[in-house]
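Student: Would you mind keeping the following structure in view while I ask a few things?
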Amino acid sequence: MVSPSRMDWASQAEDGTLAYEYRGLKAQTWDLFRDPCEWDDLAFYRQTIQEFGEPVLDVGCGTGRLLLEFRRLGLDADGVDVSPEMLELCRSKADGAAIAIRTYLQDMRQLSLPRRYRTVLVPSSSFQLLTQPDDAAAAMSSLFSVLEQGGSLIMPFVNPSSRRSTTNGVDWALTCERTLPNAQLTYQLWTKQWFDHKRQLEHIENRFDVLRDGQLHEREYCRRSPATRWYTRAQARALYRRAGFKVVRLTSGFTNRPAGPADPLFCIVGNRPG
């Protein structure tokens with residue numbers, strides 16, 4: 001039996017820097033557990049970029065799911081992420097595909113970039129990883145600062161409690177499994193999840209297992225409590241307005257339809273006044 005490693009990350013380390021979460025097996029298996037074909041946001045973001053213009057900043061670009069596709073399409077797009085391991089994987093994929101990219105290792109609460117952007121995206125509900133109101137406000141101000149006048153910020157917001165089952169933090173649920181035949185390895189993602197509905201907070205513990213020939217080869221734990229904060233439509237609007245944005249629209253998921261009160265996922269578009 002292997003000796004598992006356990007990681008428990010808060011949103012901020014003791015020295016005040018962000019304690020980044022996406023490392024180890026969580027970073028290594030990010031692409032493996034997520035089929036890009038299952039995501040339906042790419043066309044929506046391409047449409048918003050056509051509407052609001054370039055250059056584009058992908059905040060929380062991770063391993064490059066969107067950024068590499070933007071660059072394949074010839075878009076002037078940069079990426080930023082707080083995880084050096086995710087950015088290393090992104091650059092490796094870009095090199096393998098002969099795609100030139102610019103990425104920056106930065107915290108979205110403290111962006112300091114060499115240029116400003118017409119369109120800023122924070123995909124995959126990454127903004128909701130900021131569970132403290134002060135951190136969310138700092139990030140909104142930072143995102144506002146890297147936009148050109150007249151530029152737009154687009155972010156999706158999801159209510160995880162409305163579309164996922166919960167284990168109440170007790171039982172492990174196998175949420176994903178992938179086998180690599182050539183390596184004779186099977187990767188498993190197990191999850192415990194619970195919600196604080198009053199404070200609109202999600203709590204998650206993950207277990208990453210690697211099996212070789214059916215035997216446990218490697219194991220890592222990752223616990224984030226709280227993991228994400230969710231927002232109502234009114235709360236998301238208020239976030240934008242307090243940071244100085246003019247709210248342009250809220251859409252139902254990644255569509256052009258107006259968001260309704262029952263939508264578990266909505267996108268909000270805000271403009272930095274010129």
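Every chain in the structure tokens takes a letter, A first, then B, and so on in the order presented; its residues are numbered from 1, and the ligands are numbered from 1 following the presented order.
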Quick one: pick out all strand (DSSP E or B) residues within segment 104-224 of chain A from a backbone DSSP run and write them as JSON, numbers by chain.
Tutor: {"A": [104, 105, 117, 118, 119, 120, 121, 147, 148, 149, 150, 151, 152, 153, 154, 155, 156, 157, 158, 173, 174, 175, 176, 177, 178, 179, 180, 185, 186, 187, 188, 189, 190, 191, 192, 193, 194, 195, 196, 201, 202, 203, 204, 205, 206, 207, 208, 209, 210, 211, 212, 215, 216, 217, 218, 219, 220, 221, 222, 223, 224]}
Student: Using C-alpha atoms, can you write the selected residues to a file as an mmCIF file, in the first residue's frame?
Tutor:
```cif
data_model
loop_
_atom_site.group_PDB
_atom_site.id
_atom_site.type_symbol
_atom_site.label_atom_id
_atom_site.label_comp_id
_atom_site.auth_asym_id
_atom_site.auth_seq_id
_atom_site.Cartn_x
_atom_site.Cartn_y
_atom_site.Cartn_z
ATOM 1 C CA TYR A 104 1.423 34.911 -17.011
ATOM 2 C CA LEU A 105 1.671 33.421 -13.531
ATOM 3 C CA TYR A 117 -7.635 43.961 -23.265
ATOM 4 C CA ARG A 118 -10.890 44.457 -25.134
ATOM 5 C CA THR A 119 -12.350 41.190 -23.852
ATOM 6 C CA VAL A 120 -11.593 39.483 -20.543
ATOM 7 C CA LEU A 121 -12.989 36.012 -19.834
ATOM 8 C CA LEU A 147 -9.670 46.237 -19.545
ATOM 9 C CA GLU A 148 -9.478 48.952 -22.147
ATOM 10 C CA GLN A 149 -12.154 51.617 -21.915
ATOM 11 C CA GLY A 150 -15.183 50.157 -23.616
ATOM 12 C CA GLY A 151 -13.889 46.623 -23.051
ATOM 13 C CA SER A 152 -16.012 43.850 -21.554
ATOM 14 C CA LEU A 153 -15.749 41.213 -18.829
ATOM 15 C CA ILE A 154 -17.613 37.919 -19.315
ATOM 16 C CA MET A 155 -17.989 35.405 -16.496
ATOM 17 C CA PRO A 156 -20.232 32.358 -15.941
ATOM 18 C CA PHE A 157 -21.789 31.730 -12.523
ATOM 19 C CA VAL A 158 -23.082 28.327 -11.450
ATOM 20 C CA ALA A 173 -18.624 8.989 -4.746
ATOM 21 C CA LEU A 174 -16.679 7.897 -7.824
ATOM 22 C CA THR A 175 -17.151 10.850 -10.171
ATOM 23 C CA CYS A 176 -14.733 9.967 -12.967
ATOM 24 C CA GLU A 177 -12.530 7.081 -14.114
ATOM 25 C CA ARG A 178 -10.141 6.857 -17.047
ATOM 26 C CA THR A 179 -7.830 4.025 -18.111
ATOM 27 C CA LEU A 180 -4.657 4.506 -20.145
ATOM 28 C CA LEU A 185 -2.896 2.743 -15.384
ATOM 29 C CA THR A 186 -6.399 3.638 -14.249
ATOM 30 C CA TYR A 187 -7.085 7.077 -12.797
ATOM 31 C CA GLN A 188 -10.025 7.611 -10.458
ATOM 32 C CA LEU A 189 -11.541 10.748 -8.979
ATOM 33 C CA TRP A 190 -13.557 10.295 -5.789
ATOM 34 C CA THR A 191 -15.503 13.150 -4.235
ATOM 35 C CA LYS A 192 -17.154 14.141 -0.978
ATOM 36 C CA GLN A 193 -19.314 17.251 -1.193
ATOM 37 C CA TRP A 194 -21.551 19.274 1.085
ATOM 38 C CA PHE A 195 -23.260 22.671 0.999
ATOM 39 C CA ASP A 196 -23.904 25.589 3.292
ATOM 40 C CA LEU A 201 -20.780 27.921 0.036
ATOM 41 C CA GLU A 202 -19.756 24.583 -1.421
ATOM 42 C CA HIS A 203 -17.251 22.317 0.369
ATOM 43 C CA ILE A 204 -15.343 19.566 -1.431
ATOM 44 C CA GLU A 205 -12.879 16.807 -0.649
ATOM 45 C CA ASN A 206 -11.309 14.907 -3.546
ATOM 46 C CA ARG A 207 -9.339 11.696 -3.606
ATOM 47 C CA PHE A 208 -7.200 10.914 -6.623
ATOM 48 C CA ASP A 209 -6.331 7.223 -7.007
ATOM 49 C CA VAL A 210 -3.955 5.728 -9.561
ATOM 50 C CA LEU A 211 -4.294 1.967 -10.042
ATOM 51 C CA ARG A 212 -1.774 -0.281 -11.758
ATOM 52 C CA GLN A 215 -3.737 -2.310 -7.326
ATOM 53 C CA LEU A 216 -3.401 1.102 -5.716
ATOM 54 C CA HIS A 217 -0.246 2.699 -7.058
ATOM 55 C CA GLU A 218 -0.612 6.328 -5.954
ATOM 56 C CA ARG A 219 -3.110 8.385 -3.950
ATOM 57 C CA GLU A 220 -3.582 12.059 -3.157
ATOM 58 C CA TYR A 221 -6.218 13.890 -1.145
ATOM 59 C CA CYS A 222 -7.316 17.452 -1.693
ATOM 60 C CA ARG A 223 -9.748 19.178 0.648
ATOM 61 C CA ARG A 224 -11.011 22.700 0.058
#
```
Student: Excluding same-chain residues fewer than 3 positions from Leu75 of chain A, what lies within 10 Å of it counting only C-alpha atoms, as an MDAnalysis selection string?
Tutor: chainID A and resid 46 49:50 53:56 67:72 78
Student: From the options A:Ala94, A:Ala243, A:Val248, A:Cys61, which residue's atoms come nearest to Ala138 of chain A, counting only C-alpha atoms?
Tutor: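 Nearest to Ala138 of chain A: A:Ala243.
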Student: Looking at only C-alpha atoms, which of A:Arg199, A:Arg91, A:Arg257, A:Arg115 is the one that sits closest to Thr228 of chain A?
Tutor: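 Smallest distance to Thr228 of chain A is found for A:Arg199.
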Student: What does the distance from atom CA of Leu265 of chain A to atom CA of Ser126 of chain A come to in Å, to one decimal?
Tutor: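 Computing it gives 13.2 Å between the two atoms.
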Student: I'd like the neighbourhood of Gly244 of chain A as a list in words, where a residue qualifies if any of its atoms comes within 10 Å (using only C-alpha atoms), though same-chain residues fewer than 6 positions away should be ignored.
Tutor: Met140, Ser141, Phe144, Ala238, Gly270, Asn271, Arg272 and Pro273 of chain A
Student: How would the residues just picked look written out with N, CA and C atoms as a short mmCIF file (atom, residue, chain, number, x, y, z; two decimals), in the first residue's frame?
Tutor:
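As a result, out.cif now contains:
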```cif
data_model
loop_
_atom_site.label_atom_id
_atom_site.label_comp_id
_atom_site.auth_asym_id
_atom_site.auth_seq_id
_atom_site.Cartn_x
_atom_site.Cartn_y
_atom_site.Cartn_z
N MET A 140 -12.55 41.78 -8.78
CA MET A 140 -13.35 42.59 -9.70
C MET A 140 -12.64 43.89 -10.05
N SER A 141 -12.04 44.53 -9.06
CA SER A 141 -11.28 45.76 -9.33
C SER A 141 -10.08 45.48 -10.22
N PHE A 144 -11.25 44.87 -13.78
CA PHE A 144 -11.62 46.17 -14.35
C PHE A 144 -10.38 46.90 -14.85
N ALA A 238 -24.60 43.06 -8.68
CA ALA A 238 -24.04 43.98 -7.70
C ALA A 238 -22.52 43.94 -7.69
N GLY A 270 -20.32 42.49 -18.63
CA GLY A 270 -20.25 43.87 -18.14
C GLY A 270 -19.23 44.66 -18.93
N ASN A 271 -19.50 45.94 -19.09
CA ASN A 271 -18.67 46.82 -19.90
C ASN A 271 -17.98 47.86 -19.02
N ARG A 272 -16.68 48.10 -19.29
CA ARG A 272 -15.98 49.19 -18.64
C ARG A 272 -16.30 50.48 -19.42
N PRO A 273 -17.02 51.40 -18.82
CA PRO A 273 -17.44 52.60 -19.56
C PRO A 273 -16.25 53.34 -20.15
#
```
Student: Could you give me the residues within segment 52-148 of chain A that DSSP places in helix (DSSP H, G or I), as number ranges by chain?
Tutor: A: 52, 67-72, 84-96, 108-110, 126-129, 133-145
Student: Can I get the selected residues back with N, CA and C atoms, as a tab-separated table (two decimals), in the first residue's frame?
Tutor:
```tsv
chain	number	residue	atom	x	y	z
A	52	PHE	N	-17.00	42.05	-28.97
A	52	PHE	CA	-16.31	43.06	-28.17
A	52	PHE	C	-14.85	43.29	-28.59
A	67	LEU	N	-7.59	28.73	-24.37
A	67	LEU	CA	-6.52	29.56	-24.89
A	67	LEU	C	-5.89	28.97	-26.15
A	68	LEU	N	-5.61	27.68	-26.14
A	68	LEU	CA	-4.98	27.06	-27.30
A	68	LEU	C	-5.92	27.08	-28.51
A	69	GLU	N	-7.22	26.91	-28.25
A	69	GLU	CA	-8.16	26.97	-29.36
A	69	GLU	C	-8.26	28.39	-29.92
A	70	PHE	N	-8.27	29.38	-29.03
A	70	PHE	CA	-8.27	30.77	-29.51
A	70	PHE	C	-7.06	31.04	-30.41
A	71	ARG	N	-5.90	30.56	-29.98
A	71	ARG	CA	-4.68	30.81	-30.76
A	71	ARG	C	-4.71	30.03	-32.08
A	72	ARG	N	-5.29	28.82	-32.07
A	72	ARG	CA	-5.44	28.07	-33.33
A	72	ARG	C	-6.29	28.85	-34.33
A	84	PRO	N	1.50	27.31	-11.28
A	84	PRO	CA	2.63	27.09	-12.20
A	84	PRO	C	2.57	25.73	-12.87
A	85	GLU	N	2.01	24.72	-12.19
A	85	GLU	CA	1.93	23.40	-12.78
A	85	GLU	C	0.95	23.36	-13.95
A	86	MET	N	-0.18	24.05	-13.81
A	86	MET	CA	-1.14	24.09	-14.90
A	86	MET	C	-0.56	24.85	-16.09
A	87	LEU	N	0.15	25.94	-15.83
A	87	LEU	CA	0.75	26.71	-16.92
A	87	LEU	C	1.86	25.91	-17.61
A	88	GLU	N	2.60	25.12	-16.86
A	88	GLU	CA	3.63	24.29	-17.48
A	88	GLU	C	2.99	23.27	-18.43
A	89	LEU	N	1.87	22.68	-18.01
A	89	LEU	CA	1.16	21.75	-18.89
A	89	LEU	C	0.62	22.46	-20.12
A	90	CYS	N	0.13	23.68	-19.93
A	90	CYS	CA	-0.37	24.47	-21.05
A	90	CYS	C	0.73	24.74	-22.07
A	91	ARG	N	1.89	25.17	-21.57
A	91	ARG	CA	3.00	25.47	-22.48
A	91	ARG	C	3.50	24.22	-23.19
A	92	SER	N	3.48	23.08	-22.48
A	92	SER	CA	3.91	21.83	-23.11
A	92	SER	C	2.96	21.44	-24.24
A	93	LYS	N	1.66	21.60	-24.03
A	93	LYS	CA	0.69	21.31	-25.08
A	93	LYS	C	0.85	22.26	-26.25
A	94	ALA	N	1.11	23.53	-25.95
A	94	ALA	CA	1.31	24.51	-27.02
A	94	ALA	C	2.55	24.18	-27.84
A	95	ASP	N	3.62	23.81	-27.16
A	95	ASP	CA	4.85	23.45	-27.87
A	95	ASP	C	4.61	22.24	-28.77
A	96	GLY	N	3.88	21.24	-28.25
A	96	GLY	CA	3.61	20.04	-29.02
A	96	GLY	C	2.78	20.31	-30.27
A	108	MET	N	-5.64	36.51	-9.91
A	108	MET	CA	-6.61	37.41	-10.51
A	108	MET	C	-6.97	38.58	-9.60
A	109	ARG	N	-6.63	38.50	-8.32
A	109	ARG	CA	-6.88	39.62	-7.42
A	109	ARG	C	-5.84	40.72	-7.55
A	110	GLN	N	-4.71	40.40	-8.21
A	110	GLN	CA	-3.59	41.34	-8.26
A	110	GLN	C	-2.95	41.31	-9.64
A	126	SER	N	-14.32	30.02	-12.54
A	126	SER	CA	-13.11	30.13	-11.70
A	126	SER	C	-13.21	31.26	-10.69
A	127	PHE	N	-13.97	32.30	-11.02
A	127	PHE	CA	-14.13	33.41	-10.09
A	127	PHE	C	-14.72	32.94	-8.77
A	128	GLN	N	-15.54	31.90	-8.81
A	128	GLN	CA	-16.23	31.43	-7.61
A	128	GLN	C	-15.30	30.70	-6.65
A	129	LEU	N	-14.06	30.45	-7.06
A	129	LEU	CA	-13.07	29.90	-6.14
A	129	LEU	C	-12.68	30.91	-5.06
A	133	PRO	N	-15.63	37.55	0.50
A	133	PRO	CA	-16.13	38.75	-0.19
A	133	PRO	C	-15.03	39.77	-0.50
A	134	ASP	N	-14.07	39.96	0.39
A	134	ASP	CA	-12.99	40.92	0.13
A	134	ASP	C	-12.14	40.48	-1.07
A	135	ASP	N	-11.89	39.18	-1.19
A	135	ASP	CA	-11.12	38.67	-2.32
A	135	ASP	C	-11.89	38.84	-3.63
A	136	ALA	N	-13.21	38.60	-3.59
A	136	ALA	CA	-14.03	38.77	-4.78
A	136	ALA	C	-14.02	40.23	-5.23
A	137	ALA	N	-14.14	41.16	-4.26
A	137	ALA	CA	-14.13	42.59	-4.60
A	137	ALA	C	-12.78	43.00	-5.18
A	138	ALA	N	-11.68	42.47	-4.61
A	138	ALA	CA	-10.34	42.79	-5.11
A	138	ALA	C	-10.17	42.28	-6.54
A	139	ALA	N	-10.69	41.08	-6.81
A	139	ALA	CA	-10.57	40.52	-8.15
A	139	ALA	C	-11.37	41.34	-9.16
A	140	MET	N	-12.55	41.78	-8.78
A	140	MET	CA	-13.35	42.59	-9.70
A	140	MET	C	-12.64	43.89	-10.05
A	141	SER	N	-12.04	44.53	-9.06
A	141	SER	CA	-11.28	45.76	-9.33
A	141	SER	C	-10.08	45.48	-10.22
A	142	SER	N	-9.41	44.34	-9.97
A	142	SER	CA	-8.25	43.98	-10.78
A	142	SER	C	-8.65	43.69	-12.23
A	143	LEU	N	-9.75	42.97	-12.42
A	143	LEU	CA	-10.23	42.67	-13.76
A	143	LEU	C	-10.64	43.95	-14.49
A	144	PHE	N	-11.25	44.87	-13.78
A	144	PHE	CA	-11.62	46.17	-14.35
A	144	PHE	C	-10.38	46.90	-14.85
A	145	SER	N	-9.29	46.81	-14.07
A	145	SER	CA	-8.08	47.59	-14.37
A	145	SER	C	-7.36	47.11	-15.63
```
Student: Measure the distance from atom CA of His197 of chain A to atom CA of Trp230 of chain A in Å and round it to one decimal.
Tutor: 9.5 Å
Student: Just the number, please: distance in Å from atom CA of Gln184 of chain A to atom CA of Gly214 of chain A, one decimal.
Tutor: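 That distance, rounded to one decimal, is 9.2 Å.
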Student: Can you list, as an MDAnalysis selection string, every protein, DNA or RNA residue that comes within 10 Å of Ala236 of chain A when you count only C-alpha atoms, leaving out same-chain residues fewer than 2 positions away?
Tutor: chainID A and resid 155:157 230:234 238:241 247 250 266:268
Student: Using only C-alpha atoms for the distances, tell me which of A:Ser83, A:Val146, A:Phe245, A:Thr131 is nearest to Gln28 of chain A.
Tutor: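 For Gln28 of chain A, the nearest of the candidates is A:Ser83.
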